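Undergrad: See query_20.txt below, with compact mmCIF, C-alpha atoms and all ligand atoms.
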```
# COMPACT_ATOMS: atom_id res chain seq x y z
CA MET A 1 0.00 0.00 0.00
CA LYS A 2 1.50 3.26 -1.07
CA HIS A 3 0.73 6.03 1.35
CA GLU A 4 0.05 9.43 -0.14
CA LEU A 5 0.47 12.93 1.15
CA PRO A 6 -3.09 14.16 1.77
CA ASP A 7 -4.05 17.49 0.22
CA LEU A 8 -4.28 20.40 2.63
CA PRO A 9 -7.95 21.12 3.45
CA TYR A 10 -7.33 24.74 2.29
CA SER A 11 -4.97 26.65 0.04
CA LYS A 12 -1.43 27.33 1.20
CA ASN A 13 -2.08 31.03 1.81
CA ALA A 14 -5.46 30.48 3.48
CA LEU A 15 -4.15 30.67 7.05
CA GLU A 16 -2.37 34.00 6.56
CA PRO A 17 -1.57 36.22 8.33
CA HIS A 18 -1.47 33.75 11.24
CA ILE A 19 0.46 30.96 9.51
CA SER A 20 2.23 31.89 6.29
CA ALA A 21 2.14 30.17 2.91
CA GLU A 22 5.90 29.72 3.28
CA THR A 23 5.42 27.77 6.52
CA LEU A 24 2.84 25.51 4.86
CA GLU A 25 5.08 25.11 1.82
CA TYR A 26 7.78 23.71 4.09
CA HIS A 27 5.71 22.13 6.85
CA TRP A 28 3.23 20.34 4.60
CA GLY A 29 5.10 20.34 1.29
CA LYS A 30 8.45 19.18 2.63
CA HIS A 31 8.26 17.88 6.22
CA HIS A 32 4.93 16.04 5.95
CA ARG A 33 5.77 14.80 2.45
CA LYS A 34 9.11 13.46 3.69
CA TYR A 35 7.43 11.44 6.45
CA VAL A 36 5.10 9.84 3.90
CA ASP A 37 7.86 9.17 1.37
CA THR A 38 10.18 7.73 4.03
CA LEU A 39 7.39 5.53 5.38
CA ASN A 40 6.81 4.09 1.90
CA GLU A 41 10.50 3.30 1.57
CA LEU A 42 10.75 1.74 5.04
CA ILE A 43 7.70 -0.55 4.78
CA SER A 44 8.56 -1.89 1.34
CA GLY A 45 9.08 -5.66 1.69
CA THR A 46 8.05 -5.71 5.38
CA GLU A 47 4.96 -7.05 7.14
CA PHE A 48 3.60 -3.48 6.99
CA ALA A 49 3.87 -3.17 3.20
CA ASP A 50 0.09 -3.41 2.76
CA ALA A 51 -1.03 -2.03 6.11
CA GLY A 52 -3.05 1.10 6.65
CA LEU A 53 -1.53 4.05 8.46
CA GLU A 54 -3.45 3.52 11.72
CA ASP A 55 -2.50 -0.17 11.78
CA ILE A 56 1.15 0.73 11.40
CA VAL A 57 1.00 3.36 14.16
CA GLY A 58 -0.68 0.85 16.46
CA ASN A 59 1.56 -2.11 15.74
CA ALA A 60 5.00 -1.07 14.50
CA GLY A 61 6.57 -0.49 17.92
CA ALA A 62 9.34 2.03 18.53
CA GLY A 63 11.57 2.75 15.57
CA PRO A 64 11.74 4.51 12.23
CA ILE A 65 8.59 2.91 10.75
CA PHE A 66 6.54 4.02 13.75
CA ASN A 67 8.12 7.48 13.78
CA ASN A 68 7.32 8.20 10.14
CA ALA A 69 3.83 6.64 10.24
CA ALA A 70 2.90 8.49 13.41
CA GLN A 71 4.21 11.78 12.07
CA ALA A 72 2.25 11.23 8.83
CA TRP A 73 -0.92 10.63 10.87
CA ASN A 74 -0.27 13.47 13.33
CA HIS A 75 0.28 16.02 10.56
CA ALA A 76 -2.84 15.01 8.61
CA PHE A 77 -4.74 15.43 11.89
CA TYR A 78 -3.13 18.81 12.61
CA TRP A 79 -4.12 20.26 9.21
CA ASN A 80 -7.72 19.35 9.95
CA CYS A 81 -7.53 21.10 13.33
CA LEU A 82 -6.95 24.42 11.54
CA SER A 83 -9.24 26.40 9.28
CA PRO A 84 -9.31 29.89 7.79
CA GLU A 85 -12.87 30.05 9.18
CA GLY A 86 -11.73 28.77 12.57
CA GLY A 87 -10.94 30.42 15.86
CA GLY A 88 -13.22 32.01 18.39
CA ARG A 89 -15.08 29.95 20.94
CA PRO A 90 -16.47 26.48 20.39
CA GLN A 91 -20.16 25.67 20.28
CA GLY A 92 -22.06 22.49 21.05
CA ALA A 93 -20.67 19.37 22.66
CA VAL A 94 -17.07 20.60 22.82
CA ALA A 95 -18.09 23.81 24.58
CA LYS A 96 -19.95 21.76 27.19
CA ALA A 97 -17.08 19.27 27.62
CA ILE A 98 -14.59 22.12 28.04
CA ASP A 99 -16.74 23.83 30.65
CA SER A 100 -17.26 20.62 32.63
CA SER A 101 -13.62 19.47 32.40
CA PHE A 102 -11.80 22.80 32.81
CA GLY A 103 -14.32 25.21 34.34
CA SER A 104 -14.34 27.69 31.47
CA PHE A 105 -13.03 28.17 27.94
CA ASP A 106 -10.49 30.75 29.13
CA LYS A 107 -9.09 28.33 31.71
CA PHE A 108 -8.90 25.57 29.11
CA ARG A 109 -7.14 27.82 26.58
CA ASP A 110 -4.58 28.98 29.17
CA GLU A 111 -3.95 25.44 30.37
CA PHE A 112 -3.55 24.09 26.84
CA SER A 113 -1.24 26.99 25.86
CA ASP A 114 0.90 26.54 28.99
CA ALA A 115 1.18 22.80 28.32
CA ALA A 116 2.09 23.40 24.67
CA LYS A 117 4.73 25.98 25.57
CA SER A 118 6.22 23.56 28.12
CA VAL A 119 7.02 20.94 25.47
CA PHE A 120 10.80 20.59 25.70
CA GLY A 121 12.27 19.85 22.32
CA SER A 122 9.99 18.45 19.62
CA GLY A 123 6.49 17.28 20.38
CA TRP A 124 2.76 17.83 20.35
CA ALA A 125 0.05 19.19 22.63
CA TRP A 126 -3.17 17.18 22.49
CA LEU A 127 -6.72 17.42 23.68
CA ILE A 128 -7.93 13.88 24.25
CA ASN A 129 -11.30 12.30 24.90
CA THR A 130 -10.66 10.26 28.03
CA GLY A 131 -14.27 9.03 28.12
CA ASN A 132 -17.09 9.42 30.62
CA ASP A 133 -17.58 13.02 29.42
CA VAL A 134 -14.04 13.98 30.44
CA ILE A 135 -11.55 15.57 28.08
CA SER A 136 -7.93 16.19 29.01
CA ILE A 137 -4.74 17.88 27.85
CA GLN A 138 -1.61 15.87 27.32
CA THR A 139 1.76 16.67 25.76
CA MET A 140 3.71 14.02 23.92
CA PRO A 141 7.33 14.06 22.71
CA ASN A 142 8.52 13.54 19.16
CA ALA A 143 6.08 11.40 17.14
CA GLU A 144 4.06 10.05 20.06
CA THR A 145 0.33 10.12 19.39
CA PRO A 146 -2.89 9.34 21.30
CA LEU A 147 -3.64 6.83 18.53
CA MET A 148 -0.93 4.45 19.82
CA HIS A 149 -2.60 4.49 23.24
CA GLY A 150 -6.06 3.77 21.82
CA ARG A 151 -7.17 7.28 22.75
CA ILE A 152 -9.37 9.53 20.65
CA ALA A 153 -7.57 12.74 19.74
CA LEU A 154 -9.79 15.81 19.57
CA LEU A 155 -7.31 18.61 18.84
CA THR A 156 -3.58 19.02 18.46
CA CYS A 157 -0.98 21.74 18.20
CA ASP A 158 2.32 20.84 16.55
CA MET A 159 5.10 22.15 18.81
CA TRP A 160 8.01 21.10 16.62
CA GLU A 161 10.05 24.19 15.74
CA HIS A 162 9.30 23.65 12.04
CA ALA A 163 5.65 24.52 12.81
CA TYR A 164 6.39 28.07 13.89
CA TYR A 165 10.01 29.11 13.40
CA LEU A 166 9.61 30.77 9.98
CA ASP A 167 6.74 32.95 11.23
CA TYR A 168 7.42 33.36 14.95
CA ARG A 169 11.08 32.44 15.46
CA ASN A 170 11.42 31.52 19.15
CA ASP A 171 8.08 33.10 20.16
CA LYS A 172 6.00 30.05 21.05
CA GLY A 173 3.37 32.34 22.62
CA GLY A 174 2.90 34.20 19.34
CA TYR A 175 2.39 30.89 17.56
CA LEU A 176 -0.15 29.78 20.18
CA ASP A 177 -2.05 33.07 19.78
CA ALA A 178 -2.21 32.35 16.04
CA PHE A 179 -3.28 28.77 16.68
CA TRP A 180 -6.33 29.89 18.69
CA LYS A 181 -7.40 32.14 15.79
CA LEU A 182 -7.45 29.10 13.49
CA VAL A 183 -8.82 26.19 15.54
CA ASN A 184 -11.46 24.32 13.54
CA TRP A 185 -14.02 23.72 16.29
CA ASP A 186 -16.38 21.98 13.84
CA PHE A 187 -13.71 19.29 13.36
CA VAL A 188 -13.18 19.00 17.13
CA ASN A 189 -16.94 18.57 17.57
CA GLU A 190 -17.01 15.87 14.89
CA ARG A 191 -14.23 14.01 16.69
CA LEU A 192 -15.98 14.27 20.04
CA GLU A 193 -19.23 12.95 18.60
CA ALA A 194 -17.55 10.15 16.58
FE FE B 201 5.16 19.32 12.08
```
Mind converting the file's structure to structure tokens?
Ligand SMILES: [Fe+2]

TA:
Amino acid sequence: MKHELPDLPYSKNALEPHISAETLEYHWGKHHRKYVDTLNELISGTEFADAGLEDIVGNAGAGPIFNNAAQAWNHAFYWNCLSPEGGGRPQGAVAKAIDSSFGSFDKFRDEFSDAAKSVFGSGWAWLINTGNDVISIQTMPNAETPLMHGRIALLTCDMWEHAYYLDYRNDKGGYLDAFWKLVNWDFVNERLEA
């Protein structure tokens, strides 16, 4: 099975001025593409040659195949978490889950931003459905993903430097401010109701 780089759900300049076309050109067009291309090379002739991406993430175990499969999955998920029509405050089930799990949207946003900024080195900040109407924030290093733990990811922010360095240099807070202006709450709601 040849894995393919998924199209972005919007044009490369659609997230400007918050995330530039140049960032997407590199982040999607080079970094994400490289994970997919490397995965295809690594699985050729192995037991994972015909496996789907989620199967590989769940079963490959630590190593290069897992790293590239998980990064391919994480990035496809991240693109869907953003939208030029995103931002603002969530409605519906997510709004209720945030209020009941964090007290208020403002508290949730601050807690998520603080967690994301605390990622040391490369990694991801996730909002996860932990079940029983509870949602929680978790950071994960490198390619780690809720998918490998059988958890349902609701939202992610890529905290690898390649996600923000062209636009924000070392200003993680500036990148997080941009992130909140782009969050696709409709997608998060779909994930929560899935
Ligand atoms: Fe990335």

Undergrad: Could you tell me which of A:Asp171, A:Glu54, A:Asp99, A:Glu25 comes closest to ligand FE 201 (chain B) if we count all atoms listed in the file?

TA: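 That would be A:Glu25, the residue with the smallest distance to ligand FE 201 (chain B).
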
Undergrad: Please measure the separation of atom CA of Tyr35 of chain A and atom CA of Asn68 of chain A, giving the value in Å to one decimal.

TA: 4.9 Å

Undergrad: Using all atoms listed in the file, what are the residues with an atom within 12 Å of ligand FE 201 (chain B), set out as a ChimeraX atom specification?

TA: /A:23-35,68,70-79,122-125,142-143,156-165

Undergrad: Kindly give the distance, in Å, that separates atom CA of Ile135 of chain A and atom CA of Gly173 of chain A, rounded to a single decimal.

TA: 23.1 Å

Undergrad: Quick one: residues within 9 Å of Ile137 of chain A, only C-alpha atoms, excluding same-chain residues fewer than 3 positions away - as a list of chain:residue names?

TA: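 Counting only the stated atoms, we get A:Phe108, A:Glu111, A:Phe112, A:Ala115, A:Ala125, A:Trp126, A:Leu127, A:Ile128.
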
Undergrad: Those residues you just picked out, can you put them in a file as an mmCIF file, keeping the file's coordinate frame with C-alpha atoms?

TA:
```
data_model
loop_
_atom_site.group_PDB
_atom_site.id
_atom_site.type_symbol
_atom_site.label_atom_id
_atom_site.label_comp_id
_atom_site.auth_asym_id
_atom_site.auth_seq_id
_atom_site.Cartn_x
_atom_site.Cartn_y
_atom_site.Cartn_z
ATOM 1 C CA PHE A 108 -8.900 25.570 29.110
ATOM 2 C CA GLU A 111 -3.950 25.440 30.370
ATOM 3 C CA PHE A 112 -3.550 24.090 26.840
ATOM 4 C CA ALA A 115 1.180 22.800 28.320
ATOM 5 C CA ALA A 125 0.050 19.190 22.630
ATOM 6 C CA TRP A 126 -3.170 17.180 22.490
ATOM 7 C CA LEU A 127 -6.720 17.420 23.680
ATOM 8 C CA ILE A 128 -7.930 13.880 24.250
#
```

Undergrad: Just the number, please: distance in Å from atom CA of Tyr10 of chain A to atom CA of Tyr168 of chain A, one decimal.

TA: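 Result for atom CA of Tyr10 of chain A versus atom CA of Tyr168 of chain A: 21.3 Å, one decimal.
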
Undergrad: Which residue out of A:Gly86, A:Pro141, A:Gly92, A:Gly131 has the minimum interatomic distance to Ala14 of chain A when all atoms listed in the file are used?

TA: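 Nearest candidate to Ala14 of chain A out of A:Gly86, A:Pro141, A:Gly92, A:Gly131: A:Gly86.
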
Undergrad: Can you pull out the residues contacting Leu154 of chain A? Cut-off 12 Å, using only C-alpha atoms, and skip same-chain residues under 5 positions away; I want them as a PyMOL selection string.

TA: chain A and resi 74+77-78+80-81+93-94+97-98+125-131+134-138+145-147+183-194

Undergrad: Tell me, as an MDAnalysis selection string, which residues lie within 12 Å of Leu15 of chain A, counting only C-alpha atoms; anything in the same chain fewer than 2 positions away does not count.

TA: chainID A and resid 8:13 17:25 79 81:87 167 178:184

Undergrad: Kindly indicate which residue among A:Gly174, A:Arg169, A:Met148, A:Ala153 lies nearest to Val57 of chain A, using all atoms listed in the file for the distances.

TA: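 For Val57 of chain A, the nearest of the given residues is A:Met148.
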
Undergrad: Find the residues near Ala51 of chain A: any atom within 12 Å, counting all atoms listed in the file, skip ones fewer than 2 places away on the same chain, and give them as a PyMOL selection string.

TA: chain A and resi 1-3+39-40+43-49+53-60+65+69

Undergrad: Out of A:Leu176, A:Leu155, A:Met140, A:Phe105, which residue has the shortest atom-to-atom distance to Gly121 of chain A when counting all atoms listed in the file?

TA: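 Residue with the minimum atom-to-atom distance to Gly121 of chain A: A:Met140.
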
Undergrad: What would segment 25-47 of chain A look like with N, CA, C and O atoms restored, written as a PDB file, in the coordinates of the input?

TA:
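File produced: out-v4.pdb:
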```
ATOM      1  N   GLU A  25       4.267  25.670   2.904  1.00  0.00           N
ATOM      2  CA  GLU A  25       5.080  25.110   1.820  1.00  0.00           C
ATOM      3  C   GLU A  25       6.129  24.153   2.375  1.00  0.00           C
ATOM      4  O   GLU A  25       6.347  23.064   1.842  1.00  0.00           O
ATOM      5  N   TYR A  26       6.749  24.559   3.470  1.00  0.00           N
ATOM      6  CA  TYR A  26       7.780  23.710   4.090  1.00  0.00           C
ATOM      7  C   TYR A  26       7.172  22.630   4.991  1.00  0.00           C
ATOM      8  O   TYR A  26       7.557  21.459   4.918  1.00  0.00           O
ATOM      9  N   HIS A  27       6.219  23.048   5.829  1.00  0.00           N
ATOM     10  CA  HIS A  27       5.710  22.130   6.850  1.00  0.00           C
ATOM     11  C   HIS A  27       4.918  20.989   6.207  1.00  0.00           C
ATOM     12  O   HIS A  27       5.122  19.813   6.523  1.00  0.00           O
ATOM     13  N   TRP A  28       4.018  21.351   5.302  1.00  0.00           N
ATOM     14  CA  TRP A  28       3.230  20.340   4.600  1.00  0.00           C
ATOM     15  C   TRP A  28       4.007  19.797   3.379  1.00  0.00           C
ATOM     16  O   TRP A  28       4.139  18.582   3.206  1.00  0.00           O
ATOM     17  N   GLY A  29       4.532  20.732   2.578  1.00  0.00           N
ATOM     18  CA  GLY A  29       5.100  20.340   1.290  1.00  0.00           C
ATOM     19  C   GLY A  29       6.435  19.625   1.393  1.00  0.00           C
ATOM     20  O   GLY A  29       6.803  18.887   0.460  1.00  0.00           O
ATOM     21  N   LYS A  30       7.150  19.829   2.484  1.00  0.00           N
ATOM     22  CA  LYS A  30       8.450  19.180   2.630  1.00  0.00           C
ATOM     23  C   LYS A  30       8.500  18.227   3.836  1.00  0.00           C
ATOM     24  O   LYS A  30       8.819  17.061   3.695  1.00  0.00           O
ATOM     25  N   HIS A  31       8.174  18.745   5.034  1.00  0.00           N
ATOM     26  CA  HIS A  31       8.260  17.880   6.220  1.00  0.00           C
ATOM     27  C   HIS A  31       7.232  16.737   6.158  1.00  0.00           C
ATOM     28  O   HIS A  31       7.586  15.568   6.296  1.00  0.00           O
ATOM     29  N   HIS A  32       5.957  17.073   5.986  1.00  0.00           N
ATOM     30  CA  HIS A  32       4.930  16.040   5.950  1.00  0.00           C
ATOM     31  C   HIS A  32       5.163  15.082   4.779  1.00  0.00           C
ATOM     32  O   HIS A  32       5.085  13.861   4.921  1.00  0.00           O
ATOM     33  N   ARG A  33       5.508  15.652   3.633  1.00  0.00           N
ATOM     34  CA  ARG A  33       5.770  14.800   2.450  1.00  0.00           C
ATOM     35  C   ARG A  33       6.911  13.825   2.723  1.00  0.00           C
ATOM     36  O   ARG A  33       6.856  12.654   2.346  1.00  0.00           O
ATOM     37  N   LYS A  34       7.934  14.312   3.416  1.00  0.00           N
ATOM     38  CA  LYS A  34       9.110  13.460   3.690  1.00  0.00           C
ATOM     39  C   LYS A  34       8.732  12.284   4.600  1.00  0.00           C
ATOM     40  O   LYS A  34       9.219  11.164   4.406  1.00  0.00           O
ATOM     41  N   TYR A  35       7.868  12.540   5.588  1.00  0.00           N
ATOM     42  CA  TYR A  35       7.430  11.440   6.450  1.00  0.00           C
ATOM     43  C   TYR A  35       6.722  10.371   5.622  1.00  0.00           C
ATOM     44  O   TYR A  35       6.938   9.172   5.815  1.00  0.00           O
ATOM     45  N   VAL A  36       5.859  10.795   4.715  1.00  0.00           N
ATOM     46  CA  VAL A  36       5.100   9.840   3.900  1.00  0.00           C
ATOM     47  C   VAL A  36       6.048   9.092   2.954  1.00  0.00           C
ATOM     48  O   VAL A  36       5.972   7.854   2.841  1.00  0.00           O
ATOM     49  N   ASP A  37       6.935   9.817   2.308  1.00  0.00           N
ATOM     50  CA  ASP A  37       7.860   9.170   1.370  1.00  0.00           C
ATOM     51  C   ASP A  37       8.785   8.187   2.095  1.00  0.00           C
ATOM     52  O   ASP A  37       9.036   7.079   1.607  1.00  0.00           O
ATOM     53  N   THR A  38       9.283   8.600   3.259  1.00  0.00           N
ATOM     54  CA  THR A  38      10.180   7.730   4.030  1.00  0.00           C
ATOM     55  C   THR A  38       9.435   6.492   4.504  1.00  0.00           C
ATOM     56  O   THR A  38       9.968   5.368   4.468  1.00  0.00           O
ATOM     57  N   LEU A  39       8.196   6.687   4.951  1.00  0.00           N
ATOM     58  CA  LEU A  39       7.390   5.530   5.380  1.00  0.00           C
ATOM     59  C   LEU A  39       7.260   4.530   4.240  1.00  0.00           C
ATOM     60  O   LEU A  39       7.448   3.320   4.445  1.00  0.00           O
ATOM     61  N   ASN A  40       6.950   5.009   3.040  1.00  0.00           N
ATOM     62  CA  ASN A  40       6.810   4.090   1.900  1.00  0.00           C
ATOM     63  C   ASN A  40       8.092   3.317   1.633  1.00  0.00           C
ATOM     64  O   ASN A  40       8.054   2.115   1.350  1.00  0.00           O
ATOM     65  N   GLU A  41       9.216   3.995   1.771  1.00  0.00           N
ATOM     66  CA  GLU A  41      10.500   3.300   1.570  1.00  0.00           C
ATOM     67  C   GLU A  41      10.735   2.244   2.654  1.00  0.00           C
ATOM     68  O   GLU A  41      11.157   1.130   2.366  1.00  0.00           O
ATOM     69  N   LEU A  42      10.440   2.626   3.910  1.00  0.00           N
ATOM     70  CA  LEU A  42      10.750   1.740   5.040  1.00  0.00           C
ATOM     71  C   LEU A  42       9.875   0.485   5.071  1.00  0.00           C
ATOM     72  O   LEU A  42      10.320  -0.579   5.496  1.00  0.00           O
ATOM     73  N   ILE A  43       8.603   0.611   4.655  1.00  0.00           N
ATOM     74  CA  ILE A  43       7.700  -0.550   4.780  1.00  0.00           C
ATOM     75  C   ILE A  43       7.793  -1.491   3.593  1.00  0.00           C
ATOM     76  O   ILE A  43       7.300  -2.616   3.655  1.00  0.00           O
ATOM     77  N   SER A  44       8.441  -1.045   2.533  1.00  0.00           N
ATOM     78  CA  SER A  44       8.560  -1.890   1.340  1.00  0.00           C
ATOM     79  C   SER A  44       9.207  -3.221   1.714  1.00  0.00           C
ATOM     80  O   SER A  44      10.280  -3.253   2.319  1.00  0.00           O
ATOM     81  N   GLY A  45       8.527  -4.332   1.411  1.00  0.00           N
ATOM     82  CA  GLY A  45       9.080  -5.660   1.690  1.00  0.00           C
ATOM     83  C   GLY A  45       8.942  -6.103   3.131  1.00  0.00           C
ATOM     84  O   GLY A  45       9.455  -7.162   3.501  1.00  0.00           O
ATOM     85  N   THR A  46       8.244  -5.309   3.978  1.00  0.00           N
ATOM     86  CA  THR A  46       8.050  -5.710   5.380  1.00  0.00           C
ATOM     87  C   THR A  46       6.606  -6.167   5.591  1.00  0.00           C
ATOM     88  O   THR A  46       5.771  -6.054   4.699  1.00  0.00           O
ATOM     89  N   GLU A  47       6.330  -6.615   6.815  1.00  0.00           N
ATOM     90  CA  GLU A  47       4.960  -7.050   7.140  1.00  0.00           C
ATOM     91  C   GLU A  47       3.964  -5.886   7.068  1.00  0.00           C
ATOM     92  O   GLU A  47       2.759  -6.102   7.067  1.00  0.00           O
TER      93      GLU A  47
END
```
